[in-house]
$ cat target28.cif   # mmCIF, C-alpha atoms
data_upload
#
loop_
_atom_site.group_PDB
_atom_site.id
_atom_site.type_symbol
_atom_site.label_atom_id
_atom_site.label_comp_id
_atom_site.auth_asym_id
_atom_site.auth_seq_id
_atom_site.Cartn_x
_atom_site.Cartn_y
_atom_site.Cartn_z
ATOM 1 C CA MET V 1 -12.134 50.489 14.692
ATOM 2 C CA LYS V 2 -14.341 47.687 13.413
ATOM 3 C CA THR V 3 -12.130 46.941 10.404
ATOM 4 C CA PRO V 4 -9.191 45.456 12.398
ATOM 5 C CA THR V 5 -11.638 43.378 14.432
ATOM 6 C CA VAL V 6 -13.277 42.024 11.274
ATOM 7 C CA TYR V 7 -9.879 41.176 9.754
ATOM 8 C CA ALA V 8 -8.743 39.475 12.968
ATOM 9 C CA ALA V 9 -11.960 37.432 13.123
ATOM 10 C CA PHE V 10 -11.556 36.458 9.459
ATOM 11 C CA VAL V 11 -7.948 35.337 9.923
ATOM 12 C CA LEU V 12 -8.841 33.458 13.093
ATOM 13 C CA SER V 13 -11.676 31.618 11.366
ATOM 14 C CA LEU V 14 -9.366 30.631 8.484
ATOM 15 C CA LEU V 15 -6.826 29.278 10.962
ATOM 16 C CA LEU V 16 -9.468 27.274 12.789
ATOM 17 C CA LEU V 17 -10.791 25.793 9.552
ATOM 18 C CA SER V 18 -7.329 24.776 8.355
ATOM 19 C CA PHE V 19 -6.826 22.293 11.188
ATOM 20 C CA THR V 20 -8.514 18.915 11.216
ATOM 21 C CA PRO V 21 -9.875 17.771 14.542
ATOM 22 C CA PRO V 22 -8.049 14.864 16.168
ATOM 23 C CA GLY V 23 -9.818 11.590 15.826
ATOM 24 C CA SER V 24 -9.226 7.954 15.342
ATOM 25 C CA SER V 25 -8.159 7.555 11.754
ATOM 26 C CA THR V 26 -9.155 4.145 10.503
ATOM 27 C CA PRO V 27 -6.591 2.341 8.372
ATOM 28 C CA PRO V 28 -7.635 1.481 4.820
ATOM 29 C CA ALA V 29 -9.254 -1.889 4.357
ATOM 30 C CA LEU V 30 -7.142 -4.664 2.881
ATOM 31 C CA ARG V 31 -8.680 -6.695 0.081
ATOM 32 C CA THR V 32 -7.439 -10.223 -0.378
ATOM 33 C CA GLY V 33 -6.801 -11.327 -3.936
ATOM 34 C CA THR V 34 -4.134 -10.811 -6.560
ATOM 35 C CA TYR V 35 -2.142 -7.593 -6.782
ATOM 36 C CA GLY V 36 -0.119 -6.740 -9.875
ATOM 37 C CA VAL V 37 0.835 -4.045 -12.364
ATOM 38 C CA CYS V 38 -2.066 -2.648 -14.372
ATOM 39 C CA GLY V 39 -1.546 -2.106 -18.104
ATOM 40 C CA CYS V 40 -1.595 1.361 -19.615
ATOM 41 C CA GLY V 41 -4.361 2.325 -22.009
ATOM 42 C CA THR V 42 -5.593 -0.439 -24.278
ATOM 43 C CA SER V 43 -2.387 -2.473 -24.187
ATOM 44 C CA THR V 44 -2.657 -5.971 -22.793
ATOM 45 C CA ALA V 45 0.080 -7.708 -20.888
ATOM 46 C CA THR V 46 1.135 -11.246 -21.725
ATOM 47 C CA GLY V 47 1.462 -12.066 -18.031
ATOM 48 C CA PRO V 48 2.385 -10.343 -14.818
ATOM 49 C CA ASP V 49 6.115 -9.888 -14.320
ATOM 50 C CA ILE V 50 5.383 -9.250 -10.677
ATOM 51 C CA SER V 51 2.344 -10.316 -8.650
ATOM 52 C CA LEU V 52 1.347 -10.824 -5.052
ATOM 53 C CA ALA V 53 -1.589 -13.067 -4.147
ATOM 54 C CA LEU V 54 -2.963 -12.616 -0.618
ATOM 55 C CA HIS V 55 -5.298 -15.430 0.409
ATOM 56 C CA ASP V 56 -8.033 -15.395 3.066
ATOM 57 C CA ASP V 57 -6.178 -18.018 5.131
ATOM 58 C CA HIS V 58 -3.292 -15.523 5.610
ATOM 59 C CA THR V 59 -0.967 -17.206 3.118
ATOM 60 C CA PHE V 60 0.640 -15.450 0.172
ATOM 61 C CA HIS V 61 2.309 -16.270 -3.133
ATOM 62 C CA TYR V 62 4.781 -13.703 -4.516
ATOM 63 C CA VAL V 63 6.181 -13.948 -8.053
ATOM 64 C CA ASN V 64 8.737 -11.480 -9.413
ATOM 65 C CA GLY V 65 10.149 -12.132 -12.860
ATOM 66 C CA THR V 66 11.453 -8.636 -13.545
ATOM 67 C CA ASP V 67 15.057 -9.863 -13.273
ATOM 68 C CA PRO V 68 15.400 -12.907 -15.578
ATOM 69 C CA ASN V 69 18.699 -13.866 -13.897
ATOM 70 C CA GLU V 70 17.092 -14.073 -10.438
ATOM 71 C CA PRO V 71 13.365 -14.884 -10.693
ATOM 72 C CA MET V 72 11.495 -15.075 -7.379
ATOM 73 C CA ASP V 73 8.693 -17.451 -6.449
ATOM 74 C CA ILE V 74 8.050 -17.200 -2.699
ATOM 75 C CA THR V 75 5.247 -18.439 -0.461
ATOM 76 C CA GLY V 76 4.528 -17.903 3.203
ATOM 77 C CA ASN V 77 2.204 -16.155 5.629
ATOM 78 C CA TRP V 78 1.081 -12.546 5.827
ATOM 79 C CA GLU V 79 -0.208 -10.395 8.675
ATOM 80 C CA LEU V 80 -1.799 -6.959 8.790
ATOM 81 C CA GLU V 81 -0.691 -4.438 11.424
ATOM 82 C CA GLY V 82 -2.322 -1.026 10.995
ATOM 83 C CA ASN V 83 -1.747 -0.119 7.354
ATOM 84 C CA LYS V 84 1.235 -2.446 6.817
ATOM 85 C CA VAL V 85 1.192 -5.968 5.411
ATOM 86 C CA THR V 86 4.169 -8.038 6.546
ATOM 87 C CA LEU V 87 5.135 -11.070 4.465
ATOM 88 C CA ARG V 88 6.975 -13.903 6.235
ATOM 89 C CA THR V 89 8.570 -16.747 4.303
ATOM 90 C CA ALA V 90 7.425 -20.293 4.915
ATOM 91 C CA GLY V 91 9.854 -22.439 6.844
ATOM 92 C CA THR V 92 11.349 -22.870 10.254
ATOM 93 C CA ASP V 93 12.974 -19.445 10.593
ATOM 94 C CA ASP V 94 9.884 -17.400 9.534
ATOM 95 C CA LYS V 95 11.976 -14.415 8.505
ATOM 96 C CA VAL V 96 10.353 -11.212 7.274
ATOM 97 C CA PHE V 97 10.517 -11.160 3.501
ATOM 98 C CA GLU V 98 8.953 -7.796 2.702
ATOM 99 C CA THR V 99 6.650 -5.135 4.129
ATOM 100 C CA TRP V 100 3.949 -3.478 2.004
ATOM 101 C CA THR V 101 1.981 -0.339 2.890
ATOM 102 C CA LEU V 102 -1.645 0.171 1.906
ATOM 103 C CA ASP V 103 -2.401 3.296 -0.125
ATOM 104 C CA LYS V 104 -4.903 5.607 1.546
ATOM 105 C CA ASN V 105 -7.377 6.171 -1.283
ATOM 106 C CA THR V 106 -6.718 3.272 -3.658
ATOM 107 C CA THR V 107 -6.688 -0.511 -3.626
ATOM 108 C CA CYS V 108 -2.921 -0.617 -4.087
ATOM 109 C CA LEU V 109 0.074 -1.747 -2.037
ATOM 110 C CA ARG V 110 3.481 -0.111 -2.151
ATOM 111 C CA SER V 111 6.905 -1.224 -1.037
ATOM 112 C CA ARG V 112 10.357 0.290 -0.965
ATOM 113 C CA GLU V 113 13.777 -1.312 -0.761
ATOM 114 C CA GLY V 114 16.514 1.297 -0.980
ATOM 115 C CA LEU V 115 15.755 3.311 -4.117
ATOM 116 C CA LEU V 116 13.538 0.603 -5.625
ATOM 117 C CA PHE V 117 9.857 1.530 -5.282
ATOM 118 C CA THR V 118 7.153 -0.998 -6.212
ATOM 119 C CA ARG V 119 3.421 -0.360 -6.416
ATOM 120 C CA LEU V 120 0.970 -3.174 -7.017
ATOM 121 C CA CYS V 121 -2.777 -2.646 -7.434
ATOM 122 C CA HIS V 122 -5.634 -5.086 -6.885
ATOM 123 C CA MET V 123 -6.217 -6.687 -10.276
ATOM 124 C CA GLU V 124 -10.026 -6.312 -10.056
ATOM 125 C CA ALA V 125 -9.509 -2.526 -10.064
ATOM 126 C CA CYS V 126 -7.604 -2.817 -13.363
ATOM 127 C CA GLN V 127 -10.579 -4.197 -15.277
#
$ encode --input "target28.cif" --output "structure tokens"
Amino acid sequence: MKTPTVYAAFVLSLLLLSFTPPGSSTPPALRTGTYGVCGCGTSTATGPDISLALHDDHTFHYVNGTDPNEPMDITGNWELEGNKVTLRTAGTDDKVFETWTLDKNTTCLRSREGLLFTRLCHMEACQ
């Protein structure tokens, strides 16, 4: 008679341990600075094809030279809401240019537009 009780207690304890208690999850901290693509191994890049510089005064500078026919060089303001960084172009219309999400455990930002995924990491972490 004790065996089913022991098994039930064991299963119940496993179920209780598998759930995380509700709490206020703090969003990852955003580091200002330059974000770009880190090189692989010992190879060195001649220059970033794509980079995003977030400044302390909430301005940004975005450069994307991955498409030589349509290079981008955009400036504006950025704001942080939760774990999302919203980039707004400079000018009178202040339209949203792009939204980046902070990675949970790294110092990287990621963005998605359709099937195009981009991940930029803080360049100090690449050293």
$ closest_residue --input "target28.cif" --among "V:Asp67, V:Asp57, V:Asp103, V:Glu98" --to "Leu30 in chain V" --atoms "only C-alpha atoms"
V:Asp103
$ atom_distance --input "target28.cif" --atom1 "CA of Leu87 in chain V" --atom2 "CA of Ile50 in chain V"
15.3 Å
$ atom_distance --input "target28.cif" --atom1 "CA of Gly76 in chain V" --atom2 "CA of Cys38 in chain V"
24.2 Å
$ resolve_selection --input "target28.cif" --expression "the PyMOL selection byres ((chain V and resi 81) around 12)" --output "list in words"
Pro27, Pro28, Ala29, Leu30, Trp78, Glu79, Leu80, Gly82, Asn83, Lys84, Val85, Thr86, Leu87, Thr99, Trp100, Thr101 and Leu102 of chain V
$ resolve_selection --input "target28.cif" --expression "the PyMOL selection byres ((chain V and resi 112-114) around 12)" --output "ChimeraX atom specification"
/V:97-101,109-111,115-120
$ atom_distance --input "target28.cif" --atom1 "CA of Glu124 in chain V" --atom2 "CA of His61 in chain V"
17.3 Å
$ closest_residue --input "target28.cif" --among "V:Thr75, V:Thr3, V:Ser18, V:Thr32" --to "His122 in chain V" --atoms "all atoms listed in the file"
V:Thr32
$ build_atoms --input "target28.cif" --residues "range 75-94 of chain V" --atoms "N, CA, C and O atoms" --output "PDB file, in the coordinates of the input"
ATOM      1  N   THR V  75       6.511 -18.244  -1.167  1.00  0.00           N
ATOM      2  CA  THR V  75       5.247 -18.439  -0.461  1.00  0.00           C
ATOM      3  C   THR V  75       5.490 -18.279   1.030  1.00  0.00           C
ATOM      4  O   THR V  75       6.634 -18.359   1.496  1.00  0.00           O
ATOM      5  N   GLY V  76       4.424 -18.049   1.757  1.00  0.00           N
ATOM      6  CA  GLY V  76       4.528 -17.903   3.203  1.00  0.00           C
ATOM      7  C   GLY V  76       3.235 -17.385   3.789  1.00  0.00           C
ATOM      8  O   GLY V  76       2.164 -17.583   3.222  1.00  0.00           O
ATOM      9  N   ASN V  77       3.352 -16.708   4.923  1.00  0.00           N
ATOM     10  CA  ASN V  77       2.204 -16.155   5.629  1.00  0.00           C
ATOM     11  C   ASN V  77       2.288 -14.640   5.657  1.00  0.00           C
ATOM     12  O   ASN V  77       3.388 -14.073   5.639  1.00  0.00           O
ATOM     13  N   TRP V  78       1.119 -13.998   5.716  1.00  0.00           N
ATOM     14  CA  TRP V  78       1.081 -12.546   5.827  1.00  0.00           C
ATOM     15  C   TRP V  78       0.257 -12.147   7.034  1.00  0.00           C
ATOM     16  O   TRP V  78      -0.588 -12.889   7.508  1.00  0.00           O
ATOM     17  N   GLU V  79       0.567 -10.943   7.564  1.00  0.00           N
ATOM     18  CA  GLU V  79      -0.208 -10.395   8.675  1.00  0.00           C
ATOM     19  C   GLU V  79      -0.361  -8.895   8.464  1.00  0.00           C
ATOM     20  O   GLU V  79       0.495  -8.248   7.862  1.00  0.00           O
ATOM     21  N   LEU V  80      -1.476  -8.372   8.937  1.00  0.00           N
ATOM     22  CA  LEU V  80      -1.799  -6.959   8.790  1.00  0.00           C
ATOM     23  C   LEU V  80      -1.676  -6.280  10.140  1.00  0.00           C
ATOM     24  O   LEU V  80      -2.287  -6.708  11.118  1.00  0.00           O
ATOM     25  N   GLU V  81      -0.860  -5.227  10.204  1.00  0.00           N
ATOM     26  CA  GLU V  81      -0.691  -4.438  11.424  1.00  0.00           C
ATOM     27  C   GLU V  81      -0.875  -2.975  11.036  1.00  0.00           C
ATOM     28  O   GLU V  81      -0.004  -2.381  10.411  1.00  0.00           O
ATOM     29  N   GLY V  82      -2.026  -2.411  11.385  1.00  0.00           N
ATOM     30  CA  GLY V  82      -2.322  -1.026  10.995  1.00  0.00           C
ATOM     31  C   GLY V  82      -2.521  -0.952   9.497  1.00  0.00           C
ATOM     32  O   GLY V  82      -3.429  -1.564   8.951  1.00  0.00           O
ATOM     33  N   ASN V  83      -1.660  -0.212   8.816  1.00  0.00           N
ATOM     34  CA  ASN V  83      -1.747  -0.119   7.354  1.00  0.00           C
ATOM     35  C   ASN V  83      -0.573  -0.812   6.671  1.00  0.00           C
ATOM     36  O   ASN V  83      -0.259  -0.520   5.533  1.00  0.00           O
ATOM     37  N   LYS V  84       0.089  -1.730   7.370  1.00  0.00           N
ATOM     38  CA  LYS V  84       1.235  -2.446   6.817  1.00  0.00           C
ATOM     39  C   LYS V  84       0.956  -3.942   6.750  1.00  0.00           C
ATOM     40  O   LYS V  84       0.464  -4.537   7.701  1.00  0.00           O
ATOM     41  N   VAL V  85       1.298  -4.526   5.609  1.00  0.00           N
ATOM     42  CA  VAL V  85       1.192  -5.968   5.411  1.00  0.00           C
ATOM     43  C   VAL V  85       2.602  -6.529   5.455  1.00  0.00           C
ATOM     44  O   VAL V  85       3.457  -6.140   4.655  1.00  0.00           O
ATOM     45  N   THR V  86       2.852  -7.428   6.401  1.00  0.00           N
ATOM     46  CA  THR V  86       4.169  -8.038   6.546  1.00  0.00           C
ATOM     47  C   THR V  86       4.121  -9.446   5.981  1.00  0.00           C
ATOM     48  O   THR V  86       3.268 -10.242   6.371  1.00  0.00           O
ATOM     49  N   LEU V  87       5.039  -9.744   5.067  1.00  0.00           N
ATOM     50  CA  LEU V  87       5.135 -11.070   4.465  1.00  0.00           C
ATOM     51  C   LEU V  87       6.270 -11.830   5.152  1.00  0.00           C
ATOM     52  O   LEU V  87       7.384 -11.334   5.256  1.00  0.00           O
ATOM     53  N   ARG V  88       5.969 -13.035   5.606  1.00  0.00           N
ATOM     54  CA  ARG V  88       6.975 -13.903   6.235  1.00  0.00           C
ATOM     55  C   ARG V  88       7.100 -15.170   5.403  1.00  0.00           C
ATOM     56  O   ARG V  88       6.095 -15.771   5.041  1.00  0.00           O
ATOM     57  N   THR V  89       8.334 -15.567   5.133  1.00  0.00           N
ATOM     58  CA  THR V  89       8.570 -16.747   4.303  1.00  0.00           C
ATOM     59  C   THR V  89       8.193 -18.007   5.066  1.00  0.00           C
ATOM     60  O   THR V  89       8.278 -18.064   6.286  1.00  0.00           O
ATOM     61  N   ALA V  90       7.773 -19.005   4.312  1.00  0.00           N
ATOM     62  CA  ALA V  90       7.425 -20.293   4.915  1.00  0.00           C
ATOM     63  C   ALA V  90       8.706 -21.021   5.294  1.00  0.00           C
ATOM     64  O   ALA V  90       9.705 -20.951   4.595  1.00  0.00           O
ATOM     65  N   GLY V  91       8.675 -21.697   6.407  1.00  0.00           N
ATOM     66  CA  GLY V  91       9.854 -22.439   6.844  1.00  0.00           C
ATOM     67  C   GLY V  91      10.021 -22.324   8.340  1.00  0.00           C
ATOM     68  O   GLY V  91       9.188 -21.761   9.053  1.00  0.00           O
ATOM     69  N   THR V  92      11.132 -22.831   8.814  1.00  0.00           N
ATOM     70  CA  THR V  92      11.349 -22.870  10.254  1.00  0.00           C
ATOM     71  C   THR V  92      11.770 -21.524  10.819  1.00  0.00           C
ATOM     72  O   THR V  92      11.468 -21.214  11.965  1.00  0.00           O
ATOM     73  N   ASP V  93      12.478 -20.705  10.039  1.00  0.00           N
ATOM     74  CA  ASP V  93      12.974 -19.445  10.593  1.00  0.00           C
ATOM     75  C   ASP V  93      11.952 -18.317  10.524  1.00  0.00           C
ATOM     76  O   ASP V  93      12.050 -17.352  11.262  1.00  0.00           O
ATOM     77  N   ASP V  94      10.937 -18.415   9.661  1.00  0.00           N
ATOM     78  CA  ASP V  94       9.884 -17.400   9.534  1.00  0.00           C
ATOM     79  C   ASP V  94      10.457 -15.984   9.478  1.00  0.00           C
ATOM     80  O   ASP V  94      10.079 -15.116  10.236  1.00  0.00           O
TER      81      ASP V  94
END
